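One structure is given below, encoded as C-alpha cells.
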Amino acid sequence: MTITEDRVEASGHAASDREVGKSRKRKEDQRLITGRTMWTDNHTLPGMLHMGILRSPVAHARISSVDLSGALERPGIVAAFSGQDFADEQGSIPCAWPVTPDMVNPGHPSIAVDQVNHVGEAVAIVLARTKSAAQDALEAIDVDYEALPTILDMEEAVKDDTHLVHSHTESNTSFHFVFDAGEVGTGSSTDEAFDNAEVTVSRRFIQQRLIPAFMEPRSFLADFQGGGVTLWAATQVPHIARVMIALSLGIPEHKVRVIAPDVGGGFGGKLQVTPEEFLVIMASRRVGKPVKYTETRSESLLSAHHGRDQIQYIDIAAKRDGTVTGLKVRLLADMGAYLRLVSPGVPVLGAFMFPAIYKFPAYQFVCDGVFTTKTPTDAYRGAGRPEATFAIERVMDELAVELDMDPMELRRKNWITHEEFPFTTVAGLTYDSGNYEAATDKALEMFGWDELSAEQRQRRENNDPVQLGLGISTFTEMCGLAPSRVLGSLAYGAGGWESASIRMLPTGKVEVVSGSTPHGQGHDTAWSQIVADQLGVPFEDVECIHGDTASSPRGLDTYGSRSLVVGGIAVVKAAEKVVAKARRIAAHLLEASEDDLEFKDGSFSVRGTPDAKIAIQETALAVFAAHNYPEGIEPSLDSEATFDPENFSFPHGTHLCATEVDTETGLVTIRKYVCVDDVGEPVNPLIIEGQIHGGLAQGIAQALFEEAVYDSDGNLTTGTFVDYTIPSATDLPHFDTDNTVSPSTTNPLGVKGVGEAGTIASTPAVVNSVINALRHLGVNDVQMPMTPERVWRALQGDQHSDRAAEGTQAWGGATTEDENLLGTGDAS
Amino acid sequence: MTQINLTVDGIKESAEVEPRVLLVHYLRENLGKVGTVVGCDTSNCGACTVHLDGESVKSCSVLAVQADGCEVTTIEGLSRNGELHPMQQAFHDKHGLQCGFCTPGMIMAALDLLKENPSPSEHEIREGIEGNLCRCTGYQNIVSAIQQAAGQSSAGQVASDQDSTGQSSTGQSSAGQNTADQGSTEQASGQQEQSTQHIVPGETGDATAAVPAGHSAGAPAGDIADDAAAGQSTGGAA
C-alpha cells in the first residue's frame with residue numbers, strides 16, 4: 001500500500017481523534033427512518049393545482065389537431081393547454097455539451113407542437129384541483145395523429161436519409177466525434193499498429209438501453225409570481241437548472257429560485273433540465289397559481305431519460321506475447337429523439353477510458369450520435385465509462401483466449417505498474433496514483449481463485465449441467481468532474497469547480513454551505529467529519545446547508561462522482577480560510593504574533609506557553625461582539641472558497657465474480673462476488689461501502705436483469721416494474737468488499753470518487769464470468785442482459801460464432817450482418 | 001362517497017372517501033402522513049408498505065374502504081416517546097438506507113418478516129424483503145440491519161458504534177472505533193450486543209432512555225398488533 005508523505009494533515013484534531021476515516025453513522029437518517037421526509041411531492045402550497053400530462057401514444061407522427069374541449073368541460077379542471085399555447089415561449093430544453101462544432105441539435109420542445117418524435121412526449125396538459133381530476137380529464141382530450149415511420153434501428157438510421165426523425169435535419173446523425181491519439185499527439189494512430197499486428201481480435205458488443213429507475217418518481221412544484229419563480233424539484237442539479245431555466249424561459253436569473261428538498265435517488269437520471277419542469281413553470285406563469293406535477297412510475301420509466309444504448313465495434317492489436325499494441329473503437333450511440341442536457345457528451349466521456357489501465361501506444365475512437373424515435377438518452381451512473389470498461393475488459397478476455405493466455409496474466413502484462421505513476425495514457429489523461437497489483441493480489445486472496453478453478457475443471461470433466469465461470473474486471477475510471485479548462489476544451493457548457501462557505505456562529509456552532517446537492521450520498525455527515533477535523537470542533541456542532549439556490553447560491557451540484565473530490569475540497573479550502581482569520585483574532589487576544597501560534601485540537605496557543613490558549617469558538621464570539629479585534633480587518637470569520645480541480649480523479653479496483661450457469665435452463669447465479677477498490681483516503685468507510693454495494697447492484701443488473709425494450713411500433717414494452725426488472729434482494733449476492741489506499745496526489749485529503757465505481761467495474765466481471773463458464777461449449781458472447789433465454793440460445797447457437805446469438809427482438813440488438821459499419825481504419 | 005372509521009397510528013380517524021381511493025392516497029392526502037410514499041404503479045416496489053391489523057400490506061393495493069374498522073400503522077407510528085423503534089435504530093446503525101425513499105416500506109416489511117420468522121437466515125431475509133425494491137443500497141446493509149433487529153450479530157459489517165451524536169458505546173474508547181480495515185471486516189460481535197446511549201438526533205440535552213441495539217426480543221414488532229395469519233407483502237419483484 002502506498003501512503004504519500006506530503007499530504008496536508010488537518011491541524012484541528014490530533015490524529016487519534018480524527019473524524020475523517022471514521023465510520024460515522026449518518027446525520028441524515030433521523031428524518032428518513034421516521035417518515036419526516038420532505039420529498040418534493042410532499043410539498044403543498046395554498047391554491048396549488050395539479051398538472052396532468054397527456055403523452056403521445058405513438059412514436060412518430062404529425063399532430064393534426066388537439067381538442068381540449070372535453071377536458072375543459074369536466075368539473076375541477078381549471079385549464080388545459082396544447083403545444084400551440086406554449087409554442088412562442090417554451091424555447092428548447094438546453095443541451096449544454098455540443099461535442100463537435102457541427103453537431104446537429106434539432107431543438108427539444110417541452111410540449112410537442114407539430115410533431116411527436118417518441119412515445120411519451122408531452123402533447124397536452126391539464127390543470128386541476130386534484131390529481132385524480134387531472135388524470136381523469138386527460139382521457140377526454142382528443143388528438144389526431146398522422147403516423148410517420150418509426151426509426152428504431154441505429155444501423156439503419158445512419159444509412160437512411162429518406163426517413164428522418166427530424167424532417168428539418170439532413171440525416172439522423174447528430175455528431176461525428178473522433179479522438180485519434182496520433183492526431184492529438186498523445187500516442188500513435190492505429191493504422192500502423194493494425195497493419196503490423198501479430199494478432200488482432202474484433203468484436204461487436206451491445207450496450208443495451210437502461211433506465212435509471214430511481215425510487216422516488218420525479219416531482220416538480222412551481223410557484224410563479226412577481227415576475228419570478230420558485231421551483232421545488234426532485235433534481236440532482238438545482239444550480240444548473242436555475243441558470244438553464246433563466247436562459248431558456250427568459251426569466252431573470254435573480255428571480256429564479258430552485259430548491260431540491262429531499263431527493264430520492266438520481267443516479268444521473270435526475271441530472272437533467274426536464275420538459276416537466278418547464279411545463280409546471282410555464283403553467284404556473286400562465287394561470288397565476290402554484291402548479292405541481294408528480295409522475296407515475298410508468299411515466300417515469302417512459303419519459304425520464306434513459307441510459308447507455310450503444311453498438312460497439314472494438315478492435316485490439318497485440319503481439320503474440322500478449323503486449324497490446326493498438327485499440328480502435330467505433331461507436332453508434334443512440335441519442336433517442338432529442339438531445340437533452342449532456343446526451344452527446346456521455347459516449348464522449350467514455351472516449352478517454354477505453355484504453356483503461358493498459359499501456360496502449362496507439363488508439364483511435366470514433367463515435368456517431370444517432371437520432372431514433374425513442375426516449376432521449378443521457379447520463380446514467382458511469383455515463384460513458386461503464387460502456388468503455390465493459391468493452392475493454394471483455395475484449396481483453398477475448399484476446400486472452402486468442403493467445404491461449406491466462407486472462408489475469410494478460411492484464412498484468414499490460415497494466416500500468418505501481419512504480420509508473422503518475423502515468424499519462426494514450427488518451428491524454430494523467431492518472432495520479434494507483435496500485436493495481438495490490439488490489440488484485442488482495443482480491444485474488446479473498447476470492448479463492450485456485451480452489452474455484454479446481455472446481456471449474458472438475459465440473460468440465462464431469463460435464464456437469466451446472467458449469468462454473470470465473471470473471472475478472474480490473475478497472476479505473478475518470479471522475480470528479482472536472483478541471484474547468486479541460487471541460488472547456490471539450491466544449492462542455494459549464495465549468496467543474498465547486499463552492500463552499502463556512503460560518504462560525506457566536507456560540508461556536510458551524511454552518512457549512514455547499515454547492516453539492518446530495519440525494520442519498522451522506523454529504524451532511526461527510527462534510528461534518530471534514531470540518532470537525534479542519535476546525536477542531538465537535539462533529540455534532542456542524543450543520544450543512546445545500547440544495548436551495550437561495551441559501552446555497554453557488555454550485556455545480558452532484559453527479560460524476562464529484563462531490564467529495566471537488567465539493568469536499570472546497571469545504572477544506574473554506575475551512576482553511578476560517579482558521580487563518582481565527583488565527584489573526586487569537587493572536588490579537590493572546591497578544592502574540594501569529595507566527596508564534598500553534599493550532600491544535602481546536603485551540604490556538606502560544607508556542608512554549610501551552611496555558612495561554614484560546615479555543616476557535618472564542619474567536620467566533622469575539623468577532624460577533626467585535627469589542628476587541630485588530631485594526632484593518634473585518635470582524636468576521638466567514639469564508640468562502642471555490643475549488644477548481646487540477647485533474648480528474650482516478651479510483652481503481654479489481655473485481656472477481658464466480659457464476660454458476662445452468663446449461664439446461666440458462667439460469668445464471670452469482671456464487672461469489674469479491675471486489676477490492678481503491679478510492680484513495682477514506683473519509684467514511686461506511687458510506688464508501690454503501691456506494692460500492694449500490695453501484696455493484698446496478699452493474700450486475702445490466703449484466704443479468706435490465707433492458708429498456710422497444711417493439712417495432714416504438715412502444716416501450718418494459719414500461720413498468722413488472723417488465724423492467726430492477727433487482728430485488730433475492731437477485732443479488734452478498735458482496736465481499738475491501739480496499740487499498742493509493743491517495744490522490746491532486747487534493748489535500750488524498751481522496752478519490754466512489755459513486756460510480758461499482759457500476760463501472762461489475763458488469764464485465766459478471767459477463768466475463770458467464771462466458772468463461774461456457775467458452776468450452778462454443779459460446780463467445782451472450783448479449784446483455786444475460787437472461788436464461790439468451791444464455792440458453794447462445795448454447796444452442798453456432799459453435800463457431802464470435803458474435804452474440806440471435807434470438808432477441810430488442811432494438812439495438814442482435815443483427816449479425818454488417819461486419820464493421822463504419823469502415824475499418826476510416827477516421828472521417 | 002363512503003364513510004370509513006379506522007385507527008391510524010393510534011389515532012381514531014373518520015372520513016368520507018370515494019370508493020376508488022387507495023389507502024396510500026388517503027394516508028398521504030387526507031391525513032398528511034407523507035412518511036408513506038408511492039414508488040410505482042404496479043405494486044412491485046413496496047415503498048408504500050404499512051401494517052393493516054398487524055400484517056404488512058402494500059397500501060397502493062388496498063382501498064381505503066377496505067381499511068374500514070381496521071388498525072393501520074405507518075412508519076410514523078413506530079417510535080414511542082421519541083425513542084426509535086429497534087428496527088429503525090438498526091437501519092441507522094447498519095447504514096441500511098441512502099436516499100431513504102424505500103426505507104419506510106422496507107422497515108414495515110422487515111417488521112412483519114421478523115414477526116413471522118424471528119430468526120431468519122440471510123436467505124430468508126432476502127426472500128422476506130423481495131417485495132421491497134431499493135435502488136441505492138444493493139440490499140446488503142438492509143439485510144444486516146434486519147439481522148441486528150433480530151438480535152443476531154452481523155456478518156461482515158463495518159459500522160462503528162459511534163452514532164451521529166458522537167456518543168460511543170458504553171465502555172468503548174472512541175479511539176478503538178477507528179476501523180483500520182475499511183471494507184467488510186467484521187466488528188467484534190461483542191460490540192453488537194452492548195447497550196448504547198441513543199440520543200435521538202435533533203434533541204438537545206441529556207441522553208434519553210437507552211434503546212438496546214442488540215434488542216433480543218424475537219418479535220420487536222411486539223408493539224405492533226397481532227398475530228394474524230401469515231401475510232407476506234403481495235406482488236413479488238419480477
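Order determines the names: the first chain of the C-alpha cells is A, the second B, and so forth; residues in each chain are numbered 1 upward, and ligands are numbered 1 upward as they are shown.
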Would you give me, as a PDB file with C-alpha atoms, in the first residue's frame, the residues of chain A that come within 7 Å of chain B, using only C-alpha atoms?
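This went into iface_29.pdb:
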ATOM      1  CA  SER A  16      -6.306   9.603  17.134  1.00  0.00           C
ATOM      2  CA  ASP A  17      -9.415  11.763  17.286  1.00  0.00           C
ATOM      3  CA  LYS A  22     -14.330   7.049  10.879  1.00  0.00           C
ATOM      4  CA  SER A  23     -17.428   5.063  10.017  1.00  0.00           C
ATOM      5  CA  ARG A  24     -19.707   7.739  11.408  1.00  0.00           C
ATOM      6  CA  LYS A  25     -23.384   6.883  11.284  1.00  0.00           C
ATOM      7  CA  ARG A  26     -25.313   9.408   9.295  1.00  0.00           C
ATOM      8  CA  LYS A  27     -26.896  12.617  10.440  1.00  0.00           C
ATOM      9  CA  ASP A  29     -31.012   9.212   8.871  1.00  0.00           C
ATOM     10  CA  GLN A  30     -33.268  10.555  11.608  1.00  0.00           C
ATOM     11  CA  LEU A  32     -35.681   9.360   6.765  1.00  0.00           C
ATOM     12  CA  ILE A  33     -36.303   6.492   9.174  1.00  0.00           C
ATOM     13  CA  THR A  34     -39.202   8.210  10.913  1.00  0.00           C
ATOM     14  CA  GLY A  35     -41.090   9.354   7.855  1.00  0.00           C
ATOM     15  CA  ARG A  36     -40.465  13.076   8.427  1.00  0.00           C
ATOM     16  CA  THR A  37     -39.336  13.381   4.868  1.00  0.00           C
ATOM     17  CA  ASN A  42     -44.880  16.063  -0.034  1.00  0.00           C
ATOM     18  CA  PHE A 214     -34.515   5.971  -9.066  1.00  0.00           C
ATOM     19  CA  MET A 215     -37.086   5.008  -6.426  1.00  0.00           C
ATOM     20  CA  GLU A 216     -38.567   8.485  -5.978  1.00  0.00           C
ATOM     21  CA  PRO A 217     -40.651   9.390  -9.032  1.00  0.00           C
ATOM     22  CA  VAL A 263     -34.376  13.754  -3.312  1.00  0.00           C
ATOM     23  CA  GLY A 264     -34.905  10.012  -3.515  1.00  0.00           C
ATOM     24  CA  GLY A 265     -32.038   8.849  -5.658  1.00  0.00           C
ATOM     25  CA  THR A 296     -46.313   7.868 -12.050  1.00  0.00           C
ATOM     26  CA  ARG A 297     -43.748   5.099 -12.313  1.00  0.00           C
ATOM     27  CA  SER A 298     -44.970   4.288 -15.810  1.00  0.00           C
ATOM     28  CA  HIS A 519     -29.644  12.593  -2.983  1.00  0.00           C
ATOM     29  CA  GLY A 520     -28.585   9.784  -0.656  1.00  0.00           C
ATOM     30  CA  GLN A 521     -24.816  10.098  -0.517  1.00  0.00           C
ATOM     31  CA  GLU A 540     -22.267  17.405  16.244  1.00  0.00           C
ATOM     32  CA  PRO A 685     -15.826   3.757   5.229  1.00  0.00           C
ATOM     33  CA  LEU A 686     -19.492   3.050   5.915  1.00  0.00           C
ATOM     34  CA  GLU A 689     -19.094   0.608   1.302  1.00  0.00           C
ATOM     35  CA  GLY A 690     -22.704   1.599   0.743  1.00  0.00           C
ATOM     36  CA  HIS A 693     -22.809  -2.034  -2.862  1.00  0.00           C
ATOM     37  CA  GLY A 694     -25.295   0.148  -4.664  1.00  0.00           C
ATOM     38  CA  ALA A 697     -26.223  -3.823  -7.821  1.00  0.00           C
ATOM     39  CA  THR A 720     -43.456  -0.858 -15.530  1.00  0.00           C
ATOM     40  CA  PHE A 721     -41.526  -2.628 -12.804  1.00  0.00           C
ATOM     41  CA  VAL A 722     -43.246  -5.824 -13.873  1.00  0.00           C
ATOM     42  CA  THR A 725     -36.809  -5.823 -13.727  1.00  0.00           C
ATOM     43  CA  SER A 728     -34.636  -7.374  -5.577  1.00  0.00           C
ATOM     44  CA  ALA A 729     -32.772  -8.674  -2.546  1.00  0.00           C
ATOM     45  CA  THR A 730     -33.059 -12.262  -3.770  1.00  0.00           C
ATOM     46  CA  HIS A 734     -23.623 -10.943  -0.644  1.00  0.00           C
ATOM     47  CA  ASP A 736     -17.200  -9.244  -0.264  1.00  0.00           C
ATOM     48  CA  THR A 737     -15.588  -5.843  -0.404  1.00  0.00           C
ATOM     49  CA  ASP A 738     -12.267  -4.471   0.707  1.00  0.00           C
ATOM     50  CA  ASN A 739      -9.985  -1.652  -0.239  1.00  0.00           C
TER      51      ASN A 739
END
I want to know what sits within 12 Å of Val72 of chain B, based on only C-alpha atoms, with residues of the same chain fewer than 2 positions away left out; could you give that as number ranges by chain?
B: 5-13, 23-24, 26-27, 33, 36, 49-59, 62, 64, 66-70, 74-78, 108, 224-226
Please identify all polymer residues within 8 Å of Ala575 of chain A, counting only C-alpha atoms, omitting same-chain residues fewer than 5 positions from it, and present them as a list of chain:residue names.
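Listing them by chain and then by number gives A:Ile502, A:Val531, A:Gln534, A:Leu535, A:Ser639.
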Keeping N, CA and C atoms for every residue in the selection just given, could you write it to a file as a PDB file, in the first residue's frame?
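Here's the written file selection-v5.pdb:
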ATOM      1  N   ILE A 502     -18.267  28.734   4.841  1.00  0.00           N
ATOM      2  CA  ILE A 502     -18.357  28.286   6.228  1.00  0.00           C
ATOM      3  C   ILE A 502     -18.533  29.493   7.125  1.00  0.00           C
ATOM      4  N   VAL A 531     -15.070  19.075   8.420  1.00  0.00           N
ATOM      5  CA  VAL A 531     -14.993  20.366   9.114  1.00  0.00           C
ATOM      6  C   VAL A 531     -14.606  20.173  10.575  1.00  0.00           C
ATOM      7  N   GLN A 534     -10.951  19.961  10.422  1.00  0.00           N
ATOM      8  CA  GLN A 534     -10.301  21.195   9.996  1.00  0.00           C
ATOM      9  C   GLN A 534     -10.358  22.270  11.069  1.00  0.00           C
ATOM     10  N   LEU A 535     -11.511  22.401  11.723  1.00  0.00           N
ATOM     11  CA  LEU A 535     -11.684  23.481  12.693  1.00  0.00           C
ATOM     12  C   LEU A 535     -11.482  23.021  14.134  1.00  0.00           C
ATOM     13  N   SER A 639     -16.028  32.536   5.607  1.00  0.00           N
ATOM     14  CA  SER A 639     -15.141  32.377   4.462  1.00  0.00           C
ATOM     15  C   SER A 639     -15.768  31.518   3.385  1.00  0.00           C
TER      16      SER A 639
END
I'd like the contact shell of Thr440 of chain A - 8 Å cut-off, only C-alpha atoms, skipping same-chain residues fewer than 2 positions apart - returned as a PyMOL selection string.
chain A and resi 436-438+442-444+474+653-654+676
Would you list the contacts of Asp161 of chain A as a PyMOL selection string, taking every protein, DNA or RNA residue within 8 Å and counting only C-alpha atoms, but skipping same-chain residues closer than 5 positions in sequence?
chain A and resi 170-172
Put those residues in a file: all heavy atoms, as a PDB file, in the first residue's frame.
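The file below, out.pdb, is the result:
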ATOM      1  N   GLU A 170     -30.681  16.980 -42.040  1.00  0.00           N
ATOM      2  CA  GLU A 170     -30.298  16.315 -43.292  1.00  0.00           C
ATOM      3  C   GLU A 170     -30.091  14.822 -43.122  1.00  0.00           C
ATOM      4  O   GLU A 170     -30.044  14.083 -44.095  1.00  0.00           O
ATOM      5  CB  GLU A 170     -28.994  16.938 -43.812  1.00  0.00           C
ATOM      6  CG  GLU A 170     -29.236  18.309 -44.413  1.00  0.00           C
ATOM      7  CD  GLU A 170     -27.922  19.009 -44.722  1.00  0.00           C
ATOM      8  OE1 GLU A 170     -26.859  18.352 -44.668  1.00  0.00           O
ATOM      9  OE2 GLU A 170     -27.972  20.213 -45.021  1.00  0.00           O
ATOM     10  N   SER A 171     -29.867  14.412 -41.897  1.00  0.00           N
ATOM     11  CA  SER A 171     -29.658  12.989 -41.656  1.00  0.00           C
ATOM     12  C   SER A 171     -30.055  12.705 -40.223  1.00  0.00           C
ATOM     13  O   SER A 171     -30.434  13.611 -39.475  1.00  0.00           O
ATOM     14  CB  SER A 171     -28.188  12.604 -41.874  1.00  0.00           C
ATOM     15  OG  SER A 171     -27.408  13.005 -40.755  1.00  0.00           O
ATOM     16  N   ASN A 172     -29.964  11.429 -39.858  1.00  0.00           N
ATOM     17  CA  ASN A 172     -30.268  11.062 -38.476  1.00  0.00           C
ATOM     18  C   ASN A 172     -29.026  11.082 -37.582  1.00  0.00           C
ATOM     19  O   ASN A 172     -29.083  10.666 -36.437  1.00  0.00           O
ATOM     20  CB  ASN A 172     -30.907   9.667 -38.435  1.00  0.00           C
ATOM     21  CG  ASN A 172     -32.303   9.680 -39.019  1.00  0.00           C
ATOM     22  OD1 ASN A 172     -33.103  10.555 -38.698  1.00  0.00           O
ATOM     23  ND2 ASN A 172     -32.586   8.734 -39.907  1.00  0.00           N
TER      24      ASN A 172
END
Taking 2 positions as the minimum chain separation for residues in the same chain, which residues sit within 12 Å of Thr609 of chain A when counting only C-alpha atoms? Answer as a list in words.
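The filter keeps Leu590, Ala592, Asp596, Leu597, Glu598, Phe604, Ser605, Val606, Arg607, Asp611, Ala612, Lys613 and Ile614 of chain A.
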Pull N, CA and C atoms from the residues just selected and write them as a PDB file, in the first residue's frame.
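out26.pdb, written as the output of this step:
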ATOM      1  N   LEU A 590      -4.450  36.977  22.381  1.00  0.00           N
ATOM      2  CA  LEU A 590      -3.367  36.426  23.211  1.00  0.00           C
ATOM      3  C   LEU A 590      -2.171  37.357  23.254  1.00  0.00           C
ATOM      4  N   ALA A 592      -0.018  37.975  21.016  1.00  0.00           N
ATOM      5  CA  ALA A 592       1.164  37.297  20.476  1.00  0.00           C
ATOM      6  C   ALA A 592       1.183  37.505  18.970  1.00  0.00           C
ATOM      7  N   ASP A 596       3.801  32.865  16.177  1.00  0.00           N
ATOM      8  CA  ASP A 596       4.106  32.133  17.413  1.00  0.00           C
ATOM      9  C   ASP A 596       2.968  31.215  17.843  1.00  0.00           C
ATOM     10  N   LEU A 597       1.880  31.242  17.079  1.00  0.00           N
ATOM     11  CA  LEU A 597       0.731  30.443  17.498  1.00  0.00           C
ATOM     12  C   LEU A 597       0.740  29.062  16.868  1.00  0.00           C
ATOM     13  N   GLU A 598       0.306  28.076  17.674  1.00  0.00           N
ATOM     14  CA  GLU A 598       0.009  26.727  17.162  1.00  0.00           C
ATOM     15  C   GLU A 598      -1.486  26.545  17.191  1.00  0.00           C
ATOM     16  N   PHE A 604      -5.951  27.695  19.707  1.00  0.00           N
ATOM     17  CA  PHE A 604      -4.706  28.386  19.404  1.00  0.00           C
ATOM     18  C   PHE A 604      -3.942  28.585  20.706  1.00  0.00           C
ATOM     19  N   SER A 605      -2.664  28.291  20.679  1.00  0.00           N
ATOM     20  CA  SER A 605      -1.867  28.553  21.874  1.00  0.00           C
ATOM     21  C   SER A 605      -0.510  29.082  21.443  1.00  0.00           C
ATOM     22  N   VAL A 606       0.099  29.785  22.365  1.00  0.00           N
ATOM     23  CA  VAL A 606       1.413  30.343  22.070  1.00  0.00           C
ATOM     24  C   VAL A 606       2.446  29.245  22.266  1.00  0.00           C
ATOM     25  N   ARG A 607       3.256  29.075  21.269  1.00  0.00           N
ATOM     26  CA  ARG A 607       4.280  28.025  21.345  1.00  0.00           C
ATOM     27  C   ARG A 607       5.112  28.224  22.593  1.00  0.00           C
ATOM     28  N   ASP A 611      -0.466  27.111  28.396  1.00  0.00           N
ATOM     29  CA  ASP A 611      -1.614  27.571  29.179  1.00  0.00           C
ATOM     30  C   ASP A 611      -2.302  28.754  28.527  1.00  0.00           C
ATOM     31  N   ALA A 612      -1.569  29.499  27.758  1.00  0.00           N
ATOM     32  CA  ALA A 612      -2.187  30.640  27.074  1.00  0.00           C
ATOM     33  C   ALA A 612      -2.868  30.123  25.817  1.00  0.00           C
ATOM     34  N   LYS A 613      -4.157  29.821  25.956  1.00  0.00           N
ATOM     35  CA  LYS A 613      -4.862  29.087  24.905  1.00  0.00           C
ATOM     36  C   LYS A 613      -6.183  29.772  24.625  1.00  0.00           C
ATOM     37  N   ILE A 614      -6.596  29.746  23.392  1.00  0.00           N
ATOM     38  CA  ILE A 614      -7.925  30.260  23.097  1.00  0.00           C
ATOM     39  C   ILE A 614      -8.581  29.334  22.079  1.00  0.00           C
TER      40      ILE A 614
END
Excluding Val571 of chain A and any residue of its chain fewer than 2 positions from it, enumerate the residues within 8 Å of it, using only C-alpha atoms, and give them as a PyMOL selection string.
chain A and resi 499-502+512+514+527+530-531+567-569+573-575+641
Store the residues picked out above in a file with C-alpha atoms, as a tab-separated table (two decimals), in the first residue's frame.
chain	number	residue	atom	x	y	z
A	499	SER	CA	-18.03	26.09	-3.92
A	500	ALA	CA	-18.39	26.08	-0.16
A	501	SER	CA	-18.77	28.68	2.50
A	502	ILE	CA	-18.36	28.29	6.23
A	512	VAL	CA	-21.31	24.77	6.07
A	514	SER	CA	-22.11	23.57	-0.05
A	527	TRP	CA	-18.73	17.40	5.42
A	530	ILE	CA	-14.13	17.09	7.40
A	531	VAL	CA	-14.99	20.37	9.11
A	567	GLY	CA	-17.08	19.80	-3.20
A	568	GLY	CA	-15.35	18.31	-0.19
A	569	ILE	CA	-12.11	20.04	-1.11
A	573	LYS	CA	-10.33	25.34	1.47
A	574	ALA	CA	-13.07	27.39	3.09
A	575	ALA	CA	-12.19	25.92	6.48
A	641	ALA	CA	-13.89	29.01	-1.38
Using backbone DSSP assignments, extract all helix (DSSP H, G or I) residues from segment 271-503 of chain A; output them as a ChimeraX atom specification.
/A:275-287,297-303,345-351,385-403,407-414,418-420,436-447,449-461,484-489
Which distance in Å separates atom CA of Ala570 of chain A and atom CA of Val751 of chain A, to one decimal?
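Going from atom CA of Ala570 of chain A over to atom CA of Val751 of chain A covers 12.8 Å.
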Please extract the residues of segment 169-298 of chain A with a backbone DSSP assignment of strand (DSSP E) and present them as a PyMOL selection string.
chain A and resi 173-180+199-210+219-225+228-233+256-259+291-294
